[in-house]
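Step one of this worksheet: look at the structure below.
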Amino acid sequence: MKKRIAILASGSGTNAQKLIEHFSESAEIEIALVLSNNPDAFVLQRADNYEIPTHIFTKEEFYNSEEIVGLLKKMDIDFIVLAGFLWLIPKNILAAYPNRIINIHPAILPKFGGKGMYGDKVHNAVLASGETEGGITIHFVNEHYDDGEYIYQGRYKIEKGDNLEMIKFKGQQLEHQHFPRIVESVLKKIKK
Ligand code: GAR
């Protein structure tokens, strides 16, 4: 039986796409479900293109019901990957998936993390700080924003004159290069 991953994403889903492609030929791991809080998220289209089931949920459903945990269990999901997801994960999902939820963040945590630090906001803060390095962090998820144990951190150089698009591109390249292989290495260590 393959280990089954659910992806939670709120936006474009380029990382979700890389994960889907990476595992499309795998005999051990599959992307089995894509969930989003945003009905207009392009990630849903990407999932459809690969005939991966999707589910859109409301804040109420996410925070005040057992519906998401119920769906994850019904779909036999073993592991959750946040790939550009905005909301804090509620306690009932954390309890159902202990050490089985990971997130990717477009900065070298613990700097430039926390509530509201998402996507371009992170990149703008990095630029404004005058740092000479940017990067990414892949980490386990706990009850706080961007706070769980780190699994991988990667870095890129910020050159003088780099703008938002440039550092975003460098960060995205790193994410696409490393996220699928890190997810795979974590998945290999867990039991179905
Ligand atoms: C990624 O850069 C990811 O690191 C970031 O959202 C982007 C989603 O891009 N996540 C966060 O900021 C989490 N705090 P994508 O939709 O193209 O994969």
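Residue names in the structure tokens use chain letters A, B, ... in the order shown, residue numbers from 1 in each chain, and ligand numbers from 1 in the order shown.
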Test item: residues no farther than 10 Å from ligand 1, counting only C-alpha atoms and all ligand atoms, as a ChimeraX atom specification: /A:9-19,41-43,82-88,103-107,112-123,135-138,145-146,168-169,171-176,179
Can you pull out every residue within 12 Å of Glu131 (chain A), counting only C-alpha atoms, but drop anything in the same chain fewer than 3 positions away, and send it as a PDB file with all heavy atoms, in the first residue's frame?
ATOM      1  N   ALA A 107      11.797  31.605   3.985  1.00  0.00           N
ATOM      2  CA  ALA A 107      12.828  32.382   4.683  1.00  0.00           C
ATOM      3  C   ALA A 107      13.586  31.450   5.619  1.00  0.00           C
ATOM      4  O   ALA A 107      13.142  30.332   5.888  1.00  0.00           O
ATOM      5  CB  ALA A 107      12.200  33.511   5.490  1.00  0.00           C
ATOM      6  N   ILE A 108      14.722  31.961   6.107  1.00  0.00           N
ATOM      7  CA  ILE A 108      15.504  31.173   7.051  1.00  0.00           C
ATOM      8  C   ILE A 108      14.949  31.464   8.444  1.00  0.00           C
ATOM      9  O   ILE A 108      15.319  32.439   9.083  1.00  0.00           O
ATOM     10  CB  ILE A 108      17.008  31.538   6.965  1.00  0.00           C
ATOM     11  CG1 ILE A 108      17.497  31.429   5.519  1.00  0.00           C
ATOM     12  CG2 ILE A 108      17.829  30.626   7.862  1.00  0.00           C
ATOM     13  CD1 ILE A 108      18.856  32.077   5.285  1.00  0.00           C
ATOM     14  N   LYS A 111      13.899  33.907  11.726  1.00  0.00           N
ATOM     15  CA  LYS A 111      13.634  35.249  11.202  1.00  0.00           C
ATOM     16  C   LYS A 111      12.537  35.195  10.142  1.00  0.00           C
ATOM     17  O   LYS A 111      12.431  34.212   9.410  1.00  0.00           O
ATOM     18  CB  LYS A 111      14.895  35.819  10.552  1.00  0.00           C
ATOM     19  CG  LYS A 111      15.923  36.339  11.548  1.00  0.00           C
ATOM     20  CD  LYS A 111      17.036  37.025  10.792  1.00  0.00           C
ATOM     21  CE  LYS A 111      18.075  37.586  11.719  1.00  0.00           C
ATOM     22  NZ  LYS A 111      19.242  38.081  10.978  1.00  0.00           N
ATOM     23  N   PHE A 112      11.778  36.262  10.033  1.00  0.00           N
ATOM     24  CA  PHE A 112      10.788  36.451   8.970  1.00  0.00           C
ATOM     25  C   PHE A 112       9.693  35.372   8.966  1.00  0.00           C
ATOM     26  O   PHE A 112       9.273  34.909   7.912  1.00  0.00           O
ATOM     27  CB  PHE A 112      11.470  36.519   7.599  1.00  0.00           C
ATOM     28  CG  PHE A 112      12.623  37.477   7.577  1.00  0.00           C
ATOM     29  CD1 PHE A 112      13.921  37.012   7.442  1.00  0.00           C
ATOM     30  CD2 PHE A 112      12.412  38.840   7.725  1.00  0.00           C
ATOM     31  CE1 PHE A 112      14.995  37.897   7.435  1.00  0.00           C
ATOM     32  CE2 PHE A 112      13.474  39.731   7.730  1.00  0.00           C
ATOM     33  CZ  PHE A 112      14.784  39.254   7.583  1.00  0.00           C
ATOM     34  N   HIS A 123       9.150  37.992   1.555  1.00  0.00           N
ATOM     35  CA  HIS A 123      10.224  38.459   0.673  1.00  0.00           C
ATOM     36  C   HIS A 123      10.466  39.952   0.847  1.00  0.00           C
ATOM     37  O   HIS A 123      11.612  40.406   0.870  1.00  0.00           O
ATOM     38  CB  HIS A 123       9.882  38.144  -0.785  1.00  0.00           C
ATOM     39  CG  HIS A 123       9.798  36.682  -1.070  1.00  0.00           C
ATOM     40  ND1 HIS A 123      10.856  35.824  -0.874  1.00  0.00           N
ATOM     41  CD2 HIS A 123       8.787  35.917  -1.527  1.00  0.00           C
ATOM     42  CE1 HIS A 123      10.490  34.603  -1.204  1.00  0.00           C
ATOM     43  NE2 HIS A 123       9.244  34.626  -1.599  1.00  0.00           N
ATOM     44  N   ASN A 124       9.394  40.723   0.983  1.00  0.00           N
ATOM     45  CA  ASN A 124       9.555  42.170   1.179  1.00  0.00           C
ATOM     46  C   ASN A 124      10.274  42.470   2.488  1.00  0.00           C
ATOM     47  O   ASN A 124      11.118  43.375   2.552  1.00  0.00           O
ATOM     48  CB  ASN A 124       8.186  42.868   1.152  1.00  0.00           C
ATOM     49  CG  ASN A 124       7.732  43.126  -0.279  1.00  0.00           C
ATOM     50  OD1 ASN A 124       8.530  43.454  -1.154  1.00  0.00           O
ATOM     51  ND2 ASN A 124       6.443  42.969  -0.522  1.00  0.00           N
ATOM     52  N   ALA A 125       9.948  41.715   3.530  1.00  0.00           N
ATOM     53  CA  ALA A 125      10.608  41.928   4.827  1.00  0.00           C
ATOM     54  C   ALA A 125      12.095  41.567   4.738  1.00  0.00           C
ATOM     55  O   ALA A 125      12.955  42.256   5.299  1.00  0.00           O
ATOM     56  CB  ALA A 125       9.920  41.095   5.906  1.00  0.00           C
ATOM     57  N   VAL A 126      12.395  40.501   4.013  1.00  0.00           N
ATOM     58  CA  VAL A 126      13.800  40.098   3.842  1.00  0.00           C
ATOM     59  C   VAL A 126      14.556  41.203   3.111  1.00  0.00           C
ATOM     60  O   VAL A 126      15.640  41.625   3.535  1.00  0.00           O
ATOM     61  CB  VAL A 126      13.903  38.756   3.064  1.00  0.00           C
ATOM     62  CG1 VAL A 126      15.344  38.435   2.696  1.00  0.00           C
ATOM     63  CG2 VAL A 126      13.299  37.612   3.879  1.00  0.00           C
ATOM     64  N   LEU A 127      13.970  41.710   2.034  1.00  0.00           N
ATOM     65  CA  LEU A 127      14.621  42.788   1.262  1.00  0.00           C
ATOM     66  C   LEU A 127      14.843  44.030   2.119  1.00  0.00           C
ATOM     67  O   LEU A 127      15.932  44.603   2.131  1.00  0.00           O
ATOM     68  CB  LEU A 127      13.741  43.181   0.070  1.00  0.00           C
ATOM     69  CG  LEU A 127      13.994  42.522  -1.270  1.00  0.00           C
ATOM     70  CD1 LEU A 127      13.102  43.160  -2.318  1.00  0.00           C
ATOM     71  CD2 LEU A 127      15.467  42.611  -1.691  1.00  0.00           C
ATOM     72  N   ALA A 128      13.817  44.418   2.853  1.00  0.00           N
ATOM     73  CA  ALA A 128      13.883  45.639   3.663  1.00  0.00           C
ATOM     74  C   ALA A 128      14.919  45.514   4.775  1.00  0.00           C
ATOM     75  O   ALA A 128      15.472  46.513   5.236  1.00  0.00           O
ATOM     76  CB  ALA A 128      12.504  45.932   4.258  1.00  0.00           C
ATOM     77  N   GLY A 134      19.119  35.032   1.695  1.00  0.00           N
ATOM     78  CA  GLY A 134      17.747  34.611   1.922  1.00  0.00           C
ATOM     79  C   GLY A 134      17.736  33.100   1.950  1.00  0.00           C
ATOM     80  O   GLY A 134      18.789  32.467   1.836  1.00  0.00           O
ATOM     81  N   GLY A 135      16.529  32.513   2.060  1.00  0.00           N
ATOM     82  CA  GLY A 135      16.515  31.056   2.054  1.00  0.00           C
ATOM     83  C   GLY A 135      15.136  30.486   2.285  1.00  0.00           C
ATOM     84  O   GLY A 135      14.124  31.184   2.180  1.00  0.00           O
ATOM     85  N   ARG A 155      19.896  28.120   1.516  1.00  0.00           N
ATOM     86  CA  ARG A 155      20.204  29.555   1.427  1.00  0.00           C
ATOM     87  C   ARG A 155      20.540  29.989   0.011  1.00  0.00           C
ATOM     88  O   ARG A 155      21.092  29.201  -0.760  1.00  0.00           O
ATOM     89  CB  ARG A 155      21.411  29.866   2.321  1.00  0.00           C
ATOM     90  CG  ARG A 155      21.150  29.670   3.779  1.00  0.00           C
ATOM     91  CD  ARG A 155      22.426  29.877   4.601  1.00  0.00           C
ATOM     92  NE  ARG A 155      22.120  30.335   5.945  1.00  0.00           N
ATOM     93  CZ  ARG A 155      21.605  29.578   6.914  1.00  0.00           C
ATOM     94  NH1 ARG A 155      21.342  28.300   6.674  1.00  0.00           N
ATOM     95  NH2 ARG A 155      21.338  30.078   8.093  1.00  0.00           N
ATOM     96  N   TYR A 156      20.250  31.252  -0.306  1.00  0.00           N
ATOM     97  CA  TYR A 156      20.728  31.863  -1.555  1.00  0.00           C
ATOM     98  C   TYR A 156      21.287  33.248  -1.231  1.00  0.00           C
ATOM     99  O   TYR A 156      20.941  33.839  -0.203  1.00  0.00           O
ATOM    100  CB  TYR A 156      19.591  31.965  -2.591  1.00  0.00           C
ATOM    101  CG  TYR A 156      18.406  32.783  -2.145  1.00  0.00           C
ATOM    102  CD1 TYR A 156      18.407  34.174  -2.239  1.00  0.00           C
ATOM    103  CD2 TYR A 156      17.274  32.172  -1.600  1.00  0.00           C
ATOM    104  CE1 TYR A 156      17.329  34.935  -1.813  1.00  0.00           C
ATOM    105  CE2 TYR A 156      16.193  32.917  -1.168  1.00  0.00           C
ATOM    106  CZ  TYR A 156      16.227  34.303  -1.284  1.00  0.00           C
ATOM    107  OH  TYR A 156      15.169  35.055  -0.848  1.00  0.00           O
ATOM    108  N   LYS A 157      22.146  33.740  -2.120  1.00  0.00           N
ATOM    109  CA  LYS A 157      22.749  35.067  -1.935  1.00  0.00           C
ATOM    110  C   LYS A 157      21.807  36.155  -2.415  1.00  0.00           C
ATOM    111  O   LYS A 157      21.168  36.020  -3.460  1.00  0.00           O
ATOM    112  CB  LYS A 157      24.035  35.175  -2.769  1.00  0.00           C
ATOM    113  CG  LYS A 157      25.228  34.459  -2.186  1.00  0.00           C
ATOM    114  CD  LYS A 157      26.172  35.472  -1.528  1.00  0.00           C
ATOM    115  CE  LYS A 157      27.172  34.805  -0.593  1.00  0.00           C
ATOM    116  NZ  LYS A 157      26.579  34.050   0.524  1.00  0.00           N
ATOM    117  N   ILE A 158      21.744  37.235  -1.669  1.00  0.00           N
ATOM    118  CA  ILE A 158      21.027  38.423  -2.137  1.00  0.00           C
ATOM    119  C   ILE A 158      22.077  39.425  -2.608  1.00  0.00           C
ATOM    120  O   ILE A 158      22.941  39.844  -1.828  1.00  0.00           O
ATOM    121  CB  ILE A 158      20.165  39.042  -1.020  1.00  0.00           C
ATOM    122  CG1 ILE A 158      19.150  38.013  -0.512  1.00  0.00           C
ATOM    123  CG2 ILE A 158      19.472  40.310  -1.511  1.00  0.00           C
ATOM    124  CD1 ILE A 158      18.310  38.469   0.674  1.00  0.00           C
ATOM    125  N   GLU A 159      22.029  39.721  -3.911  1.00  0.00           N
ATOM    126  CA  GLU A 159      23.007  40.664  -4.481  1.00  0.00           C
ATOM    127  C   GLU A 159      22.452  42.082  -4.352  1.00  0.00           C
ATOM    128  O   GLU A 159      21.243  42.285  -4.298  1.00  0.00           O
ATOM    129  CB  GLU A 159      23.230  40.362  -5.973  1.00  0.00           C
ATOM    130  CG  GLU A 159      23.507  38.911  -6.319  1.00  0.00           C
ATOM    131  CD  GLU A 159      24.881  38.427  -5.893  1.00  0.00           C
ATOM    132  OE1 GLU A 159      25.737  39.269  -5.519  1.00  0.00           O
ATOM    133  OE2 GLU A 159      25.091  37.196  -5.916  1.00  0.00           O
ATOM    134  N   LYS A 160      23.397  43.051  -4.367  1.00  0.00           N
ATOM    135  CA  LYS A 160      22.959  44.463  -4.378  1.00  0.00           C
ATOM    136  C   LYS A 160      22.068  44.691  -5.601  1.00  0.00           C
ATOM    137  O   LYS A 160      22.402  44.244  -6.695  1.00  0.00           O
ATOM    138  CB  LYS A 160      24.186  45.379  -4.500  1.00  0.00           C
ATOM    139  CG  LYS A 160      24.809  45.749  -3.182  1.00  0.00           C
ATOM    140  CD  LYS A 160      25.556  47.096  -3.280  1.00  0.00           C
ATOM    141  CE  LYS A 160      26.166  47.455  -1.952  1.00  0.00           C
ATOM    142  NZ  LYS A 160      27.499  46.870  -1.752  1.00  0.00           N
ATOM    143  N   ASP A 162      19.100  43.443  -6.109  1.00  0.00           N
ATOM    144  CA  ASP A 162      18.037  42.434  -6.256  1.00  0.00           C
ATOM    145  C   ASP A 162      16.692  43.046  -5.851  1.00  0.00           C
ATOM    146  O   ASP A 162      16.616  43.757  -4.840  1.00  0.00           O
ATOM    147  CB  ASP A 162      18.301  41.220  -5.338  1.00  0.00           C
ATOM    148  CG  ASP A 162      19.214  40.198  -6.002  1.00  0.00           C
ATOM    149  OD1 ASP A 162      19.686  40.458  -7.117  1.00  0.00           O
ATOM    150  OD2 ASP A 162      19.459  39.149  -5.374  1.00  0.00           O
ATOM    151  N   ILE A 167      14.489  37.897  -5.757  1.00  0.00           N
ATOM    152  CA  ILE A 167      14.700  37.012  -4.599  1.00  0.00           C
ATOM    153  C   ILE A 167      13.582  35.964  -4.505  1.00  0.00           C
ATOM    154  O   ILE A 167      13.813  34.837  -4.076  1.00  0.00           O
ATOM    155  CB  ILE A 167      14.905  37.766  -3.259  1.00  0.00           C
ATOM    156  CG1 ILE A 167      13.643  38.426  -2.770  1.00  0.00           C
ATOM    157  CG2 ILE A 167      16.058  38.741  -3.317  1.00  0.00           C
ATOM    158  CD1 ILE A 167      13.732  38.712  -1.274  1.00  0.00           C
TER     159      ILE A 167
END
Please, what distance in Å, to one decimal, runs between CA of Phe62 (chain A) and CA of Tyr97 (chain A)?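 Value for the CA of Phe62 (chain A)-CA of Tyr97 (chain A) distance: 14.9 Å.
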Can you list, as a ChimeraX atom specification, every residue of region 34-115 of chain A that DSSP puts in strand (DSSP E)? /A:34-36,54-56,79-82,101-105
Given the selection you just returned, output its residues as a file containing N, CA and C atoms, formatted as an mmCIF file, in the first residue's frame.
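part37.cif, freshly written:
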data_model
loop_
_atom_site.group_PDB
_atom_site.id
_atom_site.type_symbol
_atom_site.label_atom_id
_atom_site.label_comp_id
_atom_site.auth_asym_id
_atom_site.auth_seq_id
_atom_site.Cartn_x
_atom_site.Cartn_y
_atom_site.Cartn_z
ATOM 1 N N VAL A 34 -5.870 17.087 -2.441
ATOM 2 C CA VAL A 34 -5.440 18.487 -2.326
ATOM 3 C C VAL A 34 -6.597 19.272 -1.715
ATOM 4 N N LEU A 35 -6.299 19.966 -0.616
ATOM 5 C CA LEU A 35 -7.335 20.744 0.073
ATOM 6 C C LEU A 35 -6.974 22.221 0.041
ATOM 7 N N SER A 36 -8.003 23.066 -0.061
ATOM 8 C CA SER A 36 -7.748 24.502 -0.054
ATOM 9 C C SER A 36 -8.883 25.254 0.617
ATOM 10 N N THR A 54 -9.967 16.908 -4.906
ATOM 11 C CA THR A 54 -9.769 18.163 -4.189
ATOM 12 C C THR A 54 -10.926 18.390 -3.219
ATOM 13 N N HIS A 55 -10.649 19.223 -2.239
ATOM 14 C CA HIS A 55 -11.716 19.606 -1.304
ATOM 15 C C HIS A 55 -11.502 21.056 -0.893
ATOM 16 N N ILE A 56 -12.557 21.855 -0.996
ATOM 17 C CA ILE A 56 -12.497 23.254 -0.556
ATOM 18 C C ILE A 56 -13.236 23.352 0.768
ATOM 19 N N PHE A 79 -0.137 11.470 5.831
ATOM 20 C CA PHE A 79 0.795 12.581 6.046
ATOM 21 C C PHE A 79 0.237 13.828 5.373
ATOM 22 N N ILE A 80 0.499 14.994 5.979
ATOM 23 C CA ILE A 80 -0.014 16.263 5.441
ATOM 24 C C ILE A 80 1.152 17.185 5.113
ATOM 25 N N VAL A 81 1.107 17.776 3.933
ATOM 26 C CA VAL A 81 2.129 18.748 3.519
ATOM 27 C C VAL A 81 1.453 20.093 3.283
ATOM 28 N N LEU A 82 1.949 21.133 3.958
ATOM 29 C CA LEU A 82 1.465 22.492 3.709
ATOM 30 C C LEU A 82 2.363 23.107 2.645
ATOM 31 N N ILE A 101 2.906 16.362 9.909
ATOM 32 C CA ILE A 101 2.532 17.543 9.123
ATOM 33 C C ILE A 101 3.788 18.383 8.940
ATOM 34 N N ILE A 102 4.102 18.730 7.694
ATOM 35 C CA ILE A 102 5.256 19.614 7.484
ATOM 36 C C ILE A 102 4.861 20.803 6.614
ATOM 37 N N ASN A 103 5.669 21.863 6.764
ATOM 38 C CA ASN A 103 5.394 23.130 6.077
ATOM 39 C C ASN A 103 6.663 23.602 5.385
ATOM 40 N N ILE A 104 6.471 24.383 4.330
ATOM 41 C CA ILE A 104 7.617 25.060 3.709
ATOM 42 C C ILE A 104 7.422 26.558 3.872
ATOM 43 N N HIS A 105 8.503 27.240 4.238
ATOM 44 C CA HIS A 105 8.437 28.683 4.485
ATOM 45 C C HIS A 105 9.565 29.356 3.697
#
Which of region 49-181 of chain A DSSP labels helix (DSSP H, G or I), written as an MDAnalysis selection string: chainID A and resid 49 59:63 67:74 91:96 120:129 164:181
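With distances restricted to only C-alpha atoms, A:Asn37 is the closest residue to Ile7 (chain A) from A:Ser129, A:Asn37, A:Ser185, A:Ser26.
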Could you jot down the CA of Ile68 (chain A) to CA of Ala6 (chain A) separation for me, Å, one decimal place? 11.1 Å
Could you list, as a PyMOL selection string, every residue within 9 Å of Lys91 (chain A), counting only C-alpha atoms and ignoring same-chain residues fewer than 5 positions away? chain A and resi 63+96+142-143
Separation of CA of Lys192 (chain A) from CA of Glu67 (chain A) in Å: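 If I compute the distance from CA of Glu67 (chain A) to CA of Lys192 (chain A), I get 22.0 Å.
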